[in-house]
>>> print(open('data_20.txt').read())   # compact mmCIF, C-alpha atoms
# COMPACT_ATOMS: atom_id res chain seq x y z
CA MET A 139 113.39 120.23 80.31
CA LYS A 140 112.53 121.03 83.88
CA THR A 141 113.30 124.48 85.14
CA ASP A 142 113.58 124.33 88.87
CA ASP A 143 115.06 126.07 91.85
CA LYS A 144 118.41 124.58 91.10
CA MET A 145 118.66 126.03 87.62
CA LEU A 146 117.35 129.42 88.64
CA SER A 147 119.76 129.50 91.52
CA ALA A 148 122.69 128.59 89.28
CA TYR A 149 121.55 131.22 86.81
CA VAL A 150 121.56 133.85 89.57
CA ASP A 151 125.13 132.78 90.33
CA GLY A 152 126.14 132.99 86.68
CA GLU A 153 127.01 129.30 86.76
CA LEU A 154 124.78 128.06 83.95
CA ASP A 155 126.46 127.47 80.63
CA ALA A 156 125.57 129.66 77.66
CA THR A 157 123.12 127.21 76.11
CA ALA A 158 121.19 126.60 79.31
CA SER A 159 121.17 130.33 80.10
CA LEU A 160 119.72 131.19 76.72
CA GLU A 161 117.08 128.55 77.07
CA LEU A 162 116.14 129.76 80.52
CA GLU A 163 115.94 133.37 79.34
CA ARG A 164 113.69 132.34 76.50
CA GLU A 165 111.52 130.49 78.98
CA MET A 166 111.35 133.42 81.34
CA ALA A 167 110.27 135.71 78.53
CA GLN A 168 107.18 133.56 78.10
CA ASN A 169 106.53 132.86 81.74
CA PRO A 170 106.10 135.85 84.06
CA ALA A 171 105.78 133.64 87.12
CA LEU A 172 109.16 132.08 86.40
CA ARG A 173 110.61 135.53 85.83
CA ALA A 174 109.23 136.70 89.18
CA SER A 175 110.68 133.67 90.85
CA TYR A 176 114.08 134.52 89.41
CA GLU A 177 113.76 138.14 90.57
CA ARG A 178 113.05 137.02 94.10
CA LEU A 179 116.04 134.73 94.14
CA ARG A 180 118.26 137.47 92.82
CA GLN A 181 117.02 139.84 95.51
CA LEU A 182 117.54 137.26 98.19
CA SER A 183 121.10 136.76 97.02
CA ALA A 184 121.68 140.51 97.02
CA ALA A 185 120.20 140.81 100.50
CA VAL A 186 122.53 138.13 101.86
CA ARG A 187 125.53 139.84 100.32
CA GLU A 188 124.48 143.17 101.68
CA LYS A 189 123.19 142.25 105.10
CA ALA A 190 124.85 139.05 106.29
CA GLU A 191 127.45 139.65 108.97
CA TYR A 192 131.07 139.40 107.93
CA TYR A 193 133.13 138.52 110.96
CA PRO A 194 136.69 139.81 110.68
CA SER A 195 139.36 137.83 112.45
CA PRO A 196 140.71 138.97 115.80
CA THR A 197 144.25 140.28 115.38
CA ARG A 198 145.80 137.36 117.20
CA HIS A 199 145.16 135.07 114.23
CA LYS A 200 146.97 137.42 111.88
CA PHE A 201 150.41 136.35 113.01
CA ALA A 202 152.17 133.21 111.90
CA PRO A 203 152.74 130.58 114.58
CA ALA A 204 156.21 130.51 116.09
CA THR A 205 158.64 128.32 114.20
CA ARG A 206 162.20 128.40 113.18
CA SER A 207 161.54 129.39 109.60
CA ARG A 208 159.42 132.28 110.75
CA TRP A 209 162.40 133.64 112.60
CA LEU A 210 164.61 133.11 109.61
CA TRP A 211 162.28 135.31 107.60
CA LEU A 212 162.48 137.89 110.29
CA ALA A 213 166.24 137.67 110.53
CA PRO A 214 166.89 140.76 108.38
CA ALA A 215 164.48 142.75 110.53
CA PHE A 216 166.22 141.60 113.65
CA ALA A 217 169.61 142.37 112.21
CA PHE A 218 168.33 145.82 111.43
CA ALA A 219 166.95 146.25 114.92
CA LEU A 220 170.31 145.24 116.31
CA VAL A 221 172.19 147.67 114.13
CA ALA A 222 169.69 150.37 114.86
CA GLY A 223 170.54 149.96 118.49
CA PHE A 224 167.25 148.61 119.75
CA GLY A 225 169.09 145.66 121.16
CA LEU A 226 166.25 143.34 120.31
CA GLY A 227 168.12 140.85 118.25
CA PHE A 228 169.64 137.60 119.27
CA PHE A 229 171.95 135.76 117.03
CA VAL A 230 172.62 132.10 116.66
CA SER A 231 175.37 130.79 114.51
CA GLN A 232 175.32 127.14 113.50
CA PRO A 233 172.38 126.22 115.68
CA GLY A 234 172.23 122.72 117.10
CA GLU A 235 168.86 121.15 117.83
CA ASP A 236 168.64 122.35 121.41
CA GLU A 237 170.09 125.69 120.45
CA THR A 238 167.37 126.17 117.86
CA THR A 239 164.66 125.03 120.25
CA SER A 240 166.02 127.36 122.85
CA THR A 241 165.81 130.27 120.40
CA GLU A 242 162.24 129.42 119.54
CA ILE A 243 161.27 129.13 123.15
CA VAL A 244 162.72 132.49 124.09
CA ALA A 245 161.02 133.97 121.03
CA SER A 246 157.68 132.42 121.86
CA HIS A 247 157.87 133.57 125.47
CA VAL A 248 158.81 137.11 124.49
CA ARG A 249 156.16 137.31 121.80
CA ALA A 250 153.42 135.96 124.05
CA THR A 251 154.41 138.41 126.76
CA LEU A 252 154.66 141.38 124.40
CA ALA A 253 151.42 140.65 122.61
CA ASN A 254 149.79 139.84 125.94
CA ARG A 255 148.60 136.63 124.36
CA LEU A 256 149.76 134.31 127.05
CA VAL A 257 146.88 131.94 127.32
CA ASP A 258 144.28 130.48 125.00
CA VAL A 259 142.51 128.81 127.86
CA VAL A 260 142.26 130.87 131.00
CA SER A 261 141.92 128.68 134.04
CA SER A 262 143.59 128.04 137.34
CA ASP A 263 142.03 124.59 137.40
CA GLN A 264 144.29 121.81 136.18
CA HIS A 265 141.22 119.71 135.44
CA THR A 266 140.12 122.30 132.88
CA VAL A 267 143.52 122.95 131.37
CA LYS A 268 144.56 119.35 130.86
CA PRO A 269 141.52 118.22 128.83
CA TRP A 270 141.64 121.45 126.82
CA LEU A 271 145.19 120.63 125.82
CA SER A 272 144.74 116.92 125.23
CA SER A 273 141.79 117.56 122.94
CA ARG A 274 144.02 119.72 120.76
CA LEU A 275 147.32 117.89 120.85
CA PRO A 276 148.44 114.40 119.94
CA PHE A 277 149.58 113.93 123.56
CA SER A 278 148.36 114.77 127.04
CA PRO A 279 150.72 116.79 129.21
CA THR A 280 150.67 116.61 132.97
CA VAL A 281 149.22 119.74 134.51
CA VAL A 282 149.85 120.27 138.21
CA ASP A 283 148.43 122.82 140.56
CA LEU A 284 151.29 124.51 142.41
CA SER A 285 149.35 127.34 143.97
CA GLY A 286 150.11 125.89 147.40
CA ASP A 287 153.77 126.56 146.63
CA GLY A 288 153.19 130.08 145.43
CA PHE A 289 153.06 129.38 141.70
CA SER A 290 149.57 129.98 140.42
CA LEU A 291 148.35 128.37 137.23
CA LYS A 292 147.08 130.99 134.75
CA GLY A 293 146.14 128.70 131.88
CA ALA A 294 147.73 127.36 128.74
CA ARG A 295 148.17 127.99 125.07
CA LEU A 296 149.17 126.03 122.00
CA ASP A 297 152.42 126.76 120.25
CA TYR A 298 154.58 125.37 117.56
CA ILE A 299 158.19 124.54 118.39
CA GLY A 300 160.69 122.47 116.44
CA SER A 301 158.13 121.61 113.75
CA GLN A 302 155.59 120.21 116.14
CA PRO A 303 152.64 121.44 118.15
CA VAL A 304 153.47 121.81 121.82
CA ALA A 305 151.70 122.71 125.03
CA ALA A 306 152.68 125.89 126.83
CA LEU A 307 151.53 125.93 130.45
CA VAL A 308 151.53 129.34 132.02
CA TYR A 309 152.23 129.92 135.69
CA GLN A 310 152.74 133.09 137.64
CA ARG A 311 154.84 134.00 140.66
CA ARG A 312 154.15 137.52 141.86
CA GLN A 313 154.57 139.60 138.69
CA HIS A 314 156.67 137.01 136.89
CA VAL A 315 155.22 134.88 134.17
CA ILE A 316 156.60 131.36 133.79
CA ASP A 317 156.11 129.46 130.56
CA VAL A 318 156.44 125.69 130.63
CA PHE A 319 156.71 124.13 127.19
CA VAL A 320 155.95 120.43 127.08
CA TRP A 321 156.05 117.83 124.35
CA PRO A 322 156.88 114.14 124.03
CA ALA A 323 160.65 113.57 124.00
CA GLY A 324 162.18 111.61 121.19
CA LYS A 325 165.25 110.99 123.30
CA GLU A 326 166.31 111.76 126.82
CA ALA A 327 167.51 115.29 127.23
CA VAL A 328 170.40 116.40 129.34
CA LYS A 329 169.27 118.60 132.17
CA THR A 330 170.43 122.14 131.63
CA ALA A 331 169.90 125.52 133.20
CA TYR A 332 171.17 128.77 131.82
CA THR A 333 170.40 132.41 131.26
CA ARG A 334 169.57 133.75 127.87
CA ASP A 335 168.61 137.27 126.86
CA GLY A 336 167.95 137.95 130.53
CA PHE A 337 165.60 135.01 130.92
CA ASN A 338 166.29 131.99 133.06
CA VAL A 339 165.77 128.75 131.22
CA GLN A 340 165.57 125.20 132.50
CA HIS A 341 165.48 122.16 130.32
CA PHE A 342 164.86 118.61 131.47
CA ALA A 343 162.99 115.43 130.64
CA ARG A 344 160.55 113.53 132.76
CA GLY A 345 158.08 110.74 132.13
CA GLY A 346 158.76 110.64 128.40
CA MET A 347 158.14 114.36 128.09
CA ARG A 348 160.54 117.16 127.41
CA TYR A 349 160.16 120.29 129.49
CA TRP A 350 161.47 123.78 128.83
CA VAL A 351 160.82 126.28 131.55
CA ILE A 352 161.44 129.96 130.92
CA SER A 353 160.83 133.06 132.99
CA ASP A 354 162.28 136.35 134.11
CA LEU A 355 161.94 135.00 137.64
CA ASN A 356 165.23 134.71 139.52
CA LYS A 357 167.21 131.52 139.10
CA ASN A 358 166.71 130.18 142.62
CA GLU A 359 162.96 130.43 142.56
CA LEU A 360 162.84 128.98 139.07
CA ASP A 361 164.94 126.06 140.34
CA ASP A 362 162.36 125.51 143.06
CA PHE A 363 159.62 125.62 140.49
CA ALA A 364 161.37 123.13 138.21
CA LYS A 365 161.89 120.77 141.16
CA LEU A 366 158.15 120.86 141.86
CA LEU A 367 157.46 119.89 138.25
CA LYS A 368 159.82 116.97 138.50
CA MET B 260 156.88 127.85 91.94
CA SER B 261 158.29 130.29 94.39
CA ARG B 262 156.04 132.00 96.85
CA GLY B 263 156.38 134.66 99.42
CA PRO B 264 156.29 133.94 103.12
CA PHE B 265 153.19 132.59 104.82
CA GLU B 266 152.53 136.04 106.27
CA GLU B 267 152.16 137.57 102.82
CA VAL B 268 150.46 134.73 101.02
CA VAL B 269 148.08 133.22 103.56
CA LEU B 270 147.55 135.67 106.41
CA PRO B 271 145.72 138.25 104.26
CA TYR B 272 142.90 135.68 104.20
CA ALA B 273 142.65 135.38 107.97
CA ASP B 274 139.41 137.38 107.86
CA ALA B 275 137.86 135.06 105.29
CA ALA B 276 138.99 132.07 107.36
CA TYR B 277 137.61 133.45 110.59
CA ASN B 278 134.34 134.48 108.97
CA LEU B 279 133.79 130.92 107.77
CA ALA B 280 134.72 129.44 111.15
CA ARG B 281 132.44 131.92 112.87
CA TRP B 282 129.49 131.11 110.63
CA LEU B 283 129.99 127.37 111.02
CA THR B 284 130.51 127.34 114.79
CA LYS B 285 128.14 130.25 115.40
CA ASN B 286 130.03 131.85 118.25
CA ASP B 287 133.30 133.70 118.78
CA HIS B 288 134.75 131.42 121.40
CA ASP B 289 134.46 128.24 119.36
CA ALA B 290 135.45 130.00 116.15
CA ASP B 291 138.56 131.12 117.94
CA ASP B 292 139.48 127.59 118.97
CA VAL B 293 138.92 126.20 115.51
CA MET B 294 140.81 129.06 113.94
CA GLN B 295 143.80 128.55 116.21
CA GLU B 296 144.03 124.95 115.16
CA ALA B 297 143.39 125.63 111.49
CA MET B 298 146.09 128.30 111.30
CA LEU B 299 148.65 125.99 112.90
CA ARG B 300 147.71 123.37 110.37
CA ALA B 301 147.86 125.84 107.50
CA TYR B 302 151.27 126.94 108.62
CA LYS B 303 152.48 123.39 108.82
CA PHE B 304 151.19 122.41 105.40
CA TYR B 305 152.02 125.69 103.73
CA PRO B 306 155.04 124.25 101.87
CA GLY B 307 152.62 121.86 100.12
CA LEU B 308 150.33 124.63 98.86
CA ARG B 309 149.72 124.60 95.12
CA GLY B 310 147.31 126.98 93.49
CA GLU B 311 145.36 129.73 95.16
CA ALA B 312 145.83 130.42 98.84
CA ARG B 313 142.33 131.55 99.75
CA PRO B 314 140.35 128.41 98.78
CA TRP B 315 143.19 126.32 100.18
CA LEU B 316 143.01 128.06 103.54
CA LEU B 317 139.21 127.94 103.55
CA ALA B 318 139.34 124.18 102.93
CA ILE B 319 141.60 123.76 105.96
CA VAL B 320 139.31 125.88 108.10
CA ARG B 321 136.26 124.08 106.82
CA ASN B 322 137.75 120.70 107.70
CA ALA B 323 138.77 121.95 111.13
CA CYS B 324 135.19 123.14 111.65
CA TRP B 325 133.73 119.80 110.64
CA THR B 326 136.12 117.94 112.90
CA TRP B 327 135.23 120.26 115.73
CA LEU B 328 131.49 119.99 115.08
CA GLY B 329 131.79 116.21 114.82
CA LYS B 330 133.38 116.15 118.25
CA ASN B 331 131.25 118.75 119.96
CA ARG B 332 127.93 118.92 118.15
CA PRO B 333 127.58 115.74 116.13
CA ALA B 334 123.83 116.25 115.79
CA GLU B 335 124.48 119.24 113.55
CA LEU B 336 126.32 117.10 111.07
CA ALA B 337 123.63 114.45 110.84
CA LEU B 338 122.98 113.69 107.21
CA VAL B 339 120.68 116.30 105.79
CA ASP B 340 118.04 115.30 103.38
CA GLU B 341 118.79 116.90 100.04
CA PRO B 342 115.63 116.30 98.05
CA GLU B 343 115.13 117.69 94.61
CA ALA B 344 113.09 120.82 94.96
CA ASP B 345 110.00 120.35 92.87
CA THR B 346 107.66 122.85 94.40
CA PRO B 347 108.02 126.58 94.05
CA GLY B 348 109.65 128.66 96.72
CA PRO B 349 107.55 131.05 98.79
CA ASP B 350 107.41 134.78 98.38
CA VAL B 351 110.19 136.74 100.01
CA LEU B 352 110.14 140.29 101.16
CA LEU B 353 112.02 142.68 98.96
CA ALA B 354 115.69 142.73 99.76
CA ARG B 355 115.69 146.26 101.09
CA GLU B 356 112.85 145.45 103.44
CA LEU B 357 114.50 142.40 104.93
CA ASP B 358 115.44 142.92 108.51
CA ARG B 359 119.15 142.46 108.99
CA ARG B 360 118.83 140.56 112.23
CA MET B 361 116.12 138.28 110.88
CA LEU B 362 118.21 137.50 107.84
CA ASN B 363 121.28 136.67 109.92
CA ASP B 364 119.27 134.46 112.24
CA ALA B 365 117.79 132.67 109.26
CA ILE B 366 121.24 132.00 107.79
CA ALA B 367 122.52 130.79 111.16
CA SER B 368 119.64 128.34 111.39
CA LEU B 369 120.49 126.62 108.09
CA PRO B 370 121.97 123.12 108.31
CA VAL B 371 125.77 123.20 108.16
CA PRO B 372 126.25 121.98 104.55
CA PHE B 373 123.81 124.59 103.24
CA ARG B 374 125.19 127.34 105.45
CA GLU B 375 128.76 126.73 104.37
CA ALA B 376 127.80 126.70 100.68
CA LEU B 377 125.92 129.98 101.10
CA VAL B 378 128.71 131.70 103.03
CA LEU B 379 131.34 130.61 100.51
CA ARG B 380 129.18 131.72 97.60
CA GLU B 381 127.69 134.99 98.82
CA LEU B 382 130.32 136.25 101.24
CA GLU B 383 133.45 134.92 99.56
CA ASP B 384 132.13 135.00 96.02
CA LEU B 385 133.71 131.66 95.20
CA SER B 386 132.75 129.68 92.10
CA TYR B 387 130.81 126.42 92.29
CA LYS B 388 133.98 124.64 91.34
CA GLN B 389 135.94 126.17 94.20
CA ILE B 390 133.16 125.47 96.67
CA ALA B 391 133.01 121.87 95.43
CA GLN B 392 136.73 121.48 96.13
CA ILE B 393 136.48 123.02 99.57
CA ALA B 394 133.44 120.99 100.62
CA GLU B 395 134.73 117.87 98.86
CA VAL B 396 131.50 117.24 96.96
CA PRO B 397 130.59 117.20 93.25
CA ILE B 398 129.65 120.50 91.59
CA GLY B 399 126.08 119.24 91.15
CA THR B 400 125.82 118.92 94.92
CA VAL B 401 127.00 122.49 95.41
CA MET B 402 124.32 123.56 92.97
CA SER B 403 121.56 121.74 94.82
CA ARG B 404 122.82 122.80 98.24
CA LEU B 405 122.77 126.46 97.25
CA ALA B 406 119.30 126.13 95.77
CA ARG B 407 118.16 124.39 98.92
CA ALA B 408 119.86 126.97 101.16
CA ARG B 409 118.04 129.76 99.35
CA ARG B 410 114.75 127.93 99.45
CA LEU B 411 115.05 127.38 103.20
CA LEU B 412 116.03 131.01 103.68
CA ALA B 413 113.06 132.13 101.62
CA GLU B 414 110.79 129.92 103.70
CA LYS B 415 112.11 131.34 106.93
CA LEU B 416 111.79 134.88 105.68
CA SER B 417 108.54 134.47 103.84
CA LEU B 418 105.35 136.31 104.40
CA THR B 419 103.62 132.95 104.11
CA THR B 420 101.71 134.12 101.10
CA ALA B 421 100.59 131.37 98.83
CA ALA B 422 103.03 131.34 95.96
CA PRO B 423 101.91 130.75 92.41
CA ARG B 424 103.04 127.55 90.83
CA LEU B 425 106.30 128.32 89.11
CA ARG B 426 107.60 125.06 87.89
CA VAL B 427 107.64 124.83 84.15
CA HIS B 428 107.59 121.81 81.92
CA LYS B 429 108.61 121.91 78.40
>>> encode(input="data_20.txt", output="structure tokens")
Amino acid sequence: MKTDDKMLSAYVDGELDATASLELEREMAQNPALRASYERLRQLSAAVREKAEYYPSPTRHKFAPATRSRWLWLAPAFAFALVAGFGLGFFVSQPGEDETTSTEIVASHVRATLANRLVDVVSSDQHTVKPWLSSRLPFSPTVVDLSGDGFSLKGARLDYIGSQPVAALVYQRRQHVIDVFVWPAGKEAVKTAYTRDGFNVQHFARGGMRYWVISDLNKNELDDFAKLLK
Amino acid sequence: MSRGPFEEVVLPYADAAYNLARWLTKNDHDADDVMQEAMLRAYKFYPGLRGEARPWLLAIVRNACWTWLGKNRPAELALVDEPEADTPGPDVLLARELDRRMLNDAIASLPVPFREALVLRELEDLSYKQIAQIAEVPIGTVMSRLARARRLLAEKLSLTTAAPRLRVHK
């Protein structure tokens, strides 16, 4: 039988079966060089365990992505917050598809704003943002530069809405952050605009894509913004 | 089998996941990108999880890393020669004398398949069987990759002393 690196290494890892281990131990007892070789391997393994860097994850990866079920899990907490008078909760009874999406979008916008995790790619250049998104999504959203109209592009992030990955483009007008969620539309959406939890929301479809625009910007300016997107 | 929410079952292993992504991509920025994608994927496929969450998550991260490397640094995934080691490894400094920085650089310079096997074994303490499942290779391949990883490490860290012949025939 050949005793090689592979067997010694597996022995160091405690992955040799009993028979092979016994045989190797017997061999090492008669062969000091083999024994020394084993000792070195064991020390190397110990050194790696002791001295190799362990990179802990940044906090932002320790939250679940935004989806409907996530919010269902959090429902009791929200109910509690509501009862406790924090006024954080929002309640949806019998949600329709758009209703659910709307809830998720408000939630995503609020969470991104609160956690200050608005953008995964920071860039005011549409030619940077677009390829970044299309390399990570099964579609390629249109990214326009509206800085000439007073809406500066801050970047984009990935999100998860209605059981699918979506693009979230982030624009800014003065101190107001505008999130634009984009994904391919299964069917044409009715254009809607409304206010929810103090945020103005616009919903429309264009070029086979569905757009949800949300911001705490006033309704008129958000209308202007939405018109520019269309 | 009923499980708790994703947050309780999978997210405790975010550190393990990130550590693997960081070692395979070798920088924070790229690890972050890969991690983002892997966690979305994990979340999506969470209902299909059977068995242990940690190796499952690590397999997702590992695949995301390979996809990313294939797209961005294909040269790193070029088929590595995995010859049978038939010559003895060189002398290594004693563990306590090994410089931390040198050791980390040496690990980072290992080819991807060896590096991932080493990280999963030494930093995650996974069994050969678990590593085989994550890397989608036979257990024998895990065994030879780890041996090869350690040999390469030893070579990089060696004092270049001539080693005695250690191979034994019986």
>>> atom_distance(input="data_20.txt", atom1="CA of Lys200 in chain A", atom2="CA of Ala273 in chain B")
6.2 Å
>>> closest_residue(input="data_20.txt", among="A:Glu237, A:Glu242, A:Asp258, A:Glu177", to="Gln295 in chain B", atoms="only C-alpha atoms")
A:Asp258
>>> interface_residues(input="data_20.txt", of="chain A", to="chain B", cutoff="7 Å", atoms="all atoms listed in the file", output="list of chain:residue names")
A:Met139, A:Lys140, A:Thr141, A:Asp142, A:Asp143, A:Lys144, A:Ser147, A:Ala148, A:Ala171, A:Leu172, A:Arg178, A:Gln181, A:Leu182, A:Ala184, A:Ala185, A:Val186, A:Arg187, A:Lys189, A:Ala190, A:Glu191, A:Tyr192, A:Tyr193, A:Pro194, A:Ser195, A:His199, A:Lys200, A:Ala202, A:Pro203
>>> closest_residue(input="data_20.txt", among="A:Val328, A:Phe201, A:Gly345, A:Ala174", to="Thr280 in chain A", atoms="all atoms listed in the file")
A:Gly345
>>> closest_residue(input="data_20.txt", among="B:Ala323, B:Ala318, B:Leu328, B:Leu336", to="Ala394 in chain B", atoms="all atoms listed in the file")
B:Ala318
>>> closest_residue(input="data_20.txt", among="A:Tyr298, A:Trp270, A:Tyr309, A:Phe289", to="Leu256 in chain A", atoms="only C-alpha atoms")
A:Tyr309
>>> axis_aligned_box(input="data_20.txt", around="range 344-361 of chain A", padding_each_side="4 Å", output="lines of an AutoDock Vina configuration file")
center_x = 162.6
center_y = 123.5
center_z = 135.0
size_x = 17.1
size_y = 33.7
size_z = 23.2
>>> closest_residue(input="data_20.txt", among="A:Asp287, A:Asp263, A:Asp361, A:Asp297", to="Phe342 in chain A", atoms="all atoms listed in the file")
A:Asp361
>>> residues_around(input="data_20.txt", residues="Phe319 in chain A", least_positions_apart="5", cutoff="9 Å", atoms="only C-alpha atoms", output="PyMOL selection string")
chain A and resi 243+297+299+304-308+348-352
>>> atom_distance(input="data_20.txt", atom1="CA of Pro397 in chain B", atom2="CA of Pro372 in chain B")
13.0 Å
>>> closest_residue(input="data_20.txt", among="A:Gly300, A:Pro276, A:Gly346, A:Gly293", to="Ile316 in chain A", atoms="all atoms listed in the file")
A:Gly293
>>> atom_distance(input="data_20.txt", atom1="CA of Glu359 in chain A", atom2="CA of Glu235 in chain A")
27.1 Å
>>> decode(input="data_20.txt", residues="range 293-316 of chain B", atoms="N, CA and C atoms", output="PDB file, in the first residue's frame")
ATOM      1  N   VAL B 293     -21.630  39.067  -5.112  1.00  0.00           N
ATOM      2  CA  VAL B 293     -21.974  37.644  -5.186  1.00  0.00           C
ATOM      3  C   VAL B 293     -22.940  37.279  -4.052  1.00  0.00           C
ATOM      4  N   MET B 294     -22.646  37.825  -2.898  1.00  0.00           N
ATOM      5  CA  MET B 294     -23.443  37.535  -1.711  1.00  0.00           C
ATOM      6  C   MET B 294     -24.890  38.009  -1.898  1.00  0.00           C
ATOM      7  N   GLN B 295     -25.021  39.198  -2.437  1.00  0.00           N
ATOM      8  CA  GLN B 295     -26.336  39.776  -2.685  1.00  0.00           C
ATOM      9  C   GLN B 295     -27.180  38.829  -3.531  1.00  0.00           C
ATOM     10  N   GLU B 296     -26.548  38.341  -4.590  1.00  0.00           N
ATOM     11  CA  GLU B 296     -27.241  37.470  -5.509  1.00  0.00           C
ATOM     12  C   GLU B 296     -27.540  36.114  -4.858  1.00  0.00           C
ATOM     13  N   ALA B 297     -26.554  35.606  -4.136  1.00  0.00           N
ATOM     14  CA  ALA B 297     -26.716  34.289  -3.507  1.00  0.00           C
ATOM     15  C   ALA B 297     -27.822  34.314  -2.456  1.00  0.00           C
ATOM     16  N   MET B 298     -27.905  35.408  -1.704  1.00  0.00           N
ATOM     17  CA  MET B 298     -28.922  35.468  -0.656  1.00  0.00           C
ATOM     18  C   MET B 298     -30.328  35.575  -1.254  1.00  0.00           C
ATOM     19  N   LEU B 299     -30.439  36.297  -2.355  1.00  0.00           N
ATOM     20  CA  LEU B 299     -31.737  36.364  -3.048  1.00  0.00           C
ATOM     21  C   LEU B 299     -32.158  34.966  -3.498  1.00  0.00           C
ATOM     22  N   ARG B 300     -31.180  34.278  -4.061  1.00  0.00           N
ATOM     23  CA  ARG B 300     -31.414  32.929  -4.550  1.00  0.00           C
ATOM     24  C   ARG B 300     -31.787  31.985  -3.398  1.00  0.00           C
ATOM     25  N   ALA B 301     -31.049  32.106  -2.307  1.00  0.00           N
ATOM     26  CA  ALA B 301     -31.316  31.259  -1.141  1.00  0.00           C
ATOM     27  C   ALA B 301     -32.733  31.505  -0.641  1.00  0.00           C
ATOM     28  N   TYR B 302     -33.080  32.778  -0.628  1.00  0.00           N
ATOM     29  CA  TYR B 302     -34.412  33.126  -0.138  1.00  0.00           C
ATOM     30  C   TYR B 302     -35.481  32.510  -1.023  1.00  0.00           C
ATOM     31  N   LYS B 303     -35.226  32.601  -2.322  1.00  0.00           N
ATOM     32  CA  LYS B 303     -36.195  32.098  -3.284  1.00  0.00           C
ATOM     33  C   LYS B 303     -36.361  30.583  -3.180  1.00  0.00           C
ATOM     34  N   PHE B 304     -35.240  29.892  -2.992  1.00  0.00           N
ATOM     35  CA  PHE B 304     -35.300  28.434  -2.983  1.00  0.00           C
ATOM     36  C   PHE B 304     -35.451  27.853  -1.581  1.00  0.00           C
ATOM     37  N   TYR B 305     -35.568  28.718  -0.621  1.00  0.00           N
ATOM     38  CA  TYR B 305     -35.663  28.260   0.768  1.00  0.00           C
ATOM     39  C   TYR B 305     -36.758  27.219   0.994  1.00  0.00           C
ATOM     40  N   PRO B 306     -37.939  27.392   0.370  1.00  0.00           N
ATOM     41  CA  PRO B 306     -38.982  26.381   0.599  1.00  0.00           C
ATOM     42  C   PRO B 306     -38.543  24.970   0.174  1.00  0.00           C
ATOM     43  N   GLY B 307     -37.567  24.882  -0.728  1.00  0.00           N
ATOM     44  CA  GLY B 307     -37.118  23.563  -1.192  1.00  0.00           C
ATOM     45  C   GLY B 307     -36.006  22.978  -0.345  1.00  0.00           C
ATOM     46  N   LEU B 308     -35.588  23.674   0.704  1.00  0.00           N
ATOM     47  CA  LEU B 308     -34.472  23.190   1.522  1.00  0.00           C
ATOM     48  C   LEU B 308     -34.829  21.917   2.277  1.00  0.00           C
ATOM     49  N   ARG B 309     -34.005  20.894   2.077  1.00  0.00           N
ATOM     50  CA  ARG B 309     -34.103  19.678   2.898  1.00  0.00           C
ATOM     51  C   ARG B 309     -32.739  19.508   3.544  1.00  0.00           C
ATOM     52  N   GLY B 310     -32.723  19.029   4.753  1.00  0.00           N
ATOM     53  CA  GLY B 310     -31.430  18.804   5.385  1.00  0.00           C
ATOM     54  C   GLY B 310     -30.884  20.061   6.038  1.00  0.00           C
ATOM     55  N   GLU B 311     -29.559  20.068   6.207  1.00  0.00           N
ATOM     56  CA  GLU B 311     -28.940  21.151   6.957  1.00  0.00           C
ATOM     57  C   GLU B 311     -28.845  22.445   6.164  1.00  0.00           C
ATOM     58  N   ALA B 312     -29.035  23.544   6.866  1.00  0.00           N
ATOM     59  CA  ALA B 312     -29.064  24.835   6.185  1.00  0.00           C
ATOM     60  C   ALA B 312     -27.669  25.342   5.805  1.00  0.00           C
ATOM     61  N   ARG B 313     -26.678  25.064   6.651  1.00  0.00           N
ATOM     62  CA  ARG B 313     -25.370  25.673   6.390  1.00  0.00           C
ATOM     63  C   ARG B 313     -24.728  25.155   5.096  1.00  0.00           C
ATOM     64  N   PRO B 314     -24.589  23.811   4.931  1.00  0.00           N
ATOM     65  CA  PRO B 314     -24.021  23.345   3.659  1.00  0.00           C
ATOM     66  C   PRO B 314     -24.876  23.738   2.453  1.00  0.00           C
ATOM     67  N   TRP B 315     -26.166  23.776   2.669  1.00  0.00           N
ATOM     68  CA  TRP B 315     -27.084  24.169   1.584  1.00  0.00           C
ATOM     69  C   TRP B 315     -26.798  25.603   1.139  1.00  0.00           C
ATOM     70  N   LEU B 316     -26.680  26.498   2.126  1.00  0.00           N
ATOM     71  CA  LEU B 316     -26.403  27.899   1.806  1.00  0.00           C
ATOM     72  C   LEU B 316     -25.016  28.042   1.169  1.00  0.00           C
TER      73      LEU B 316
END
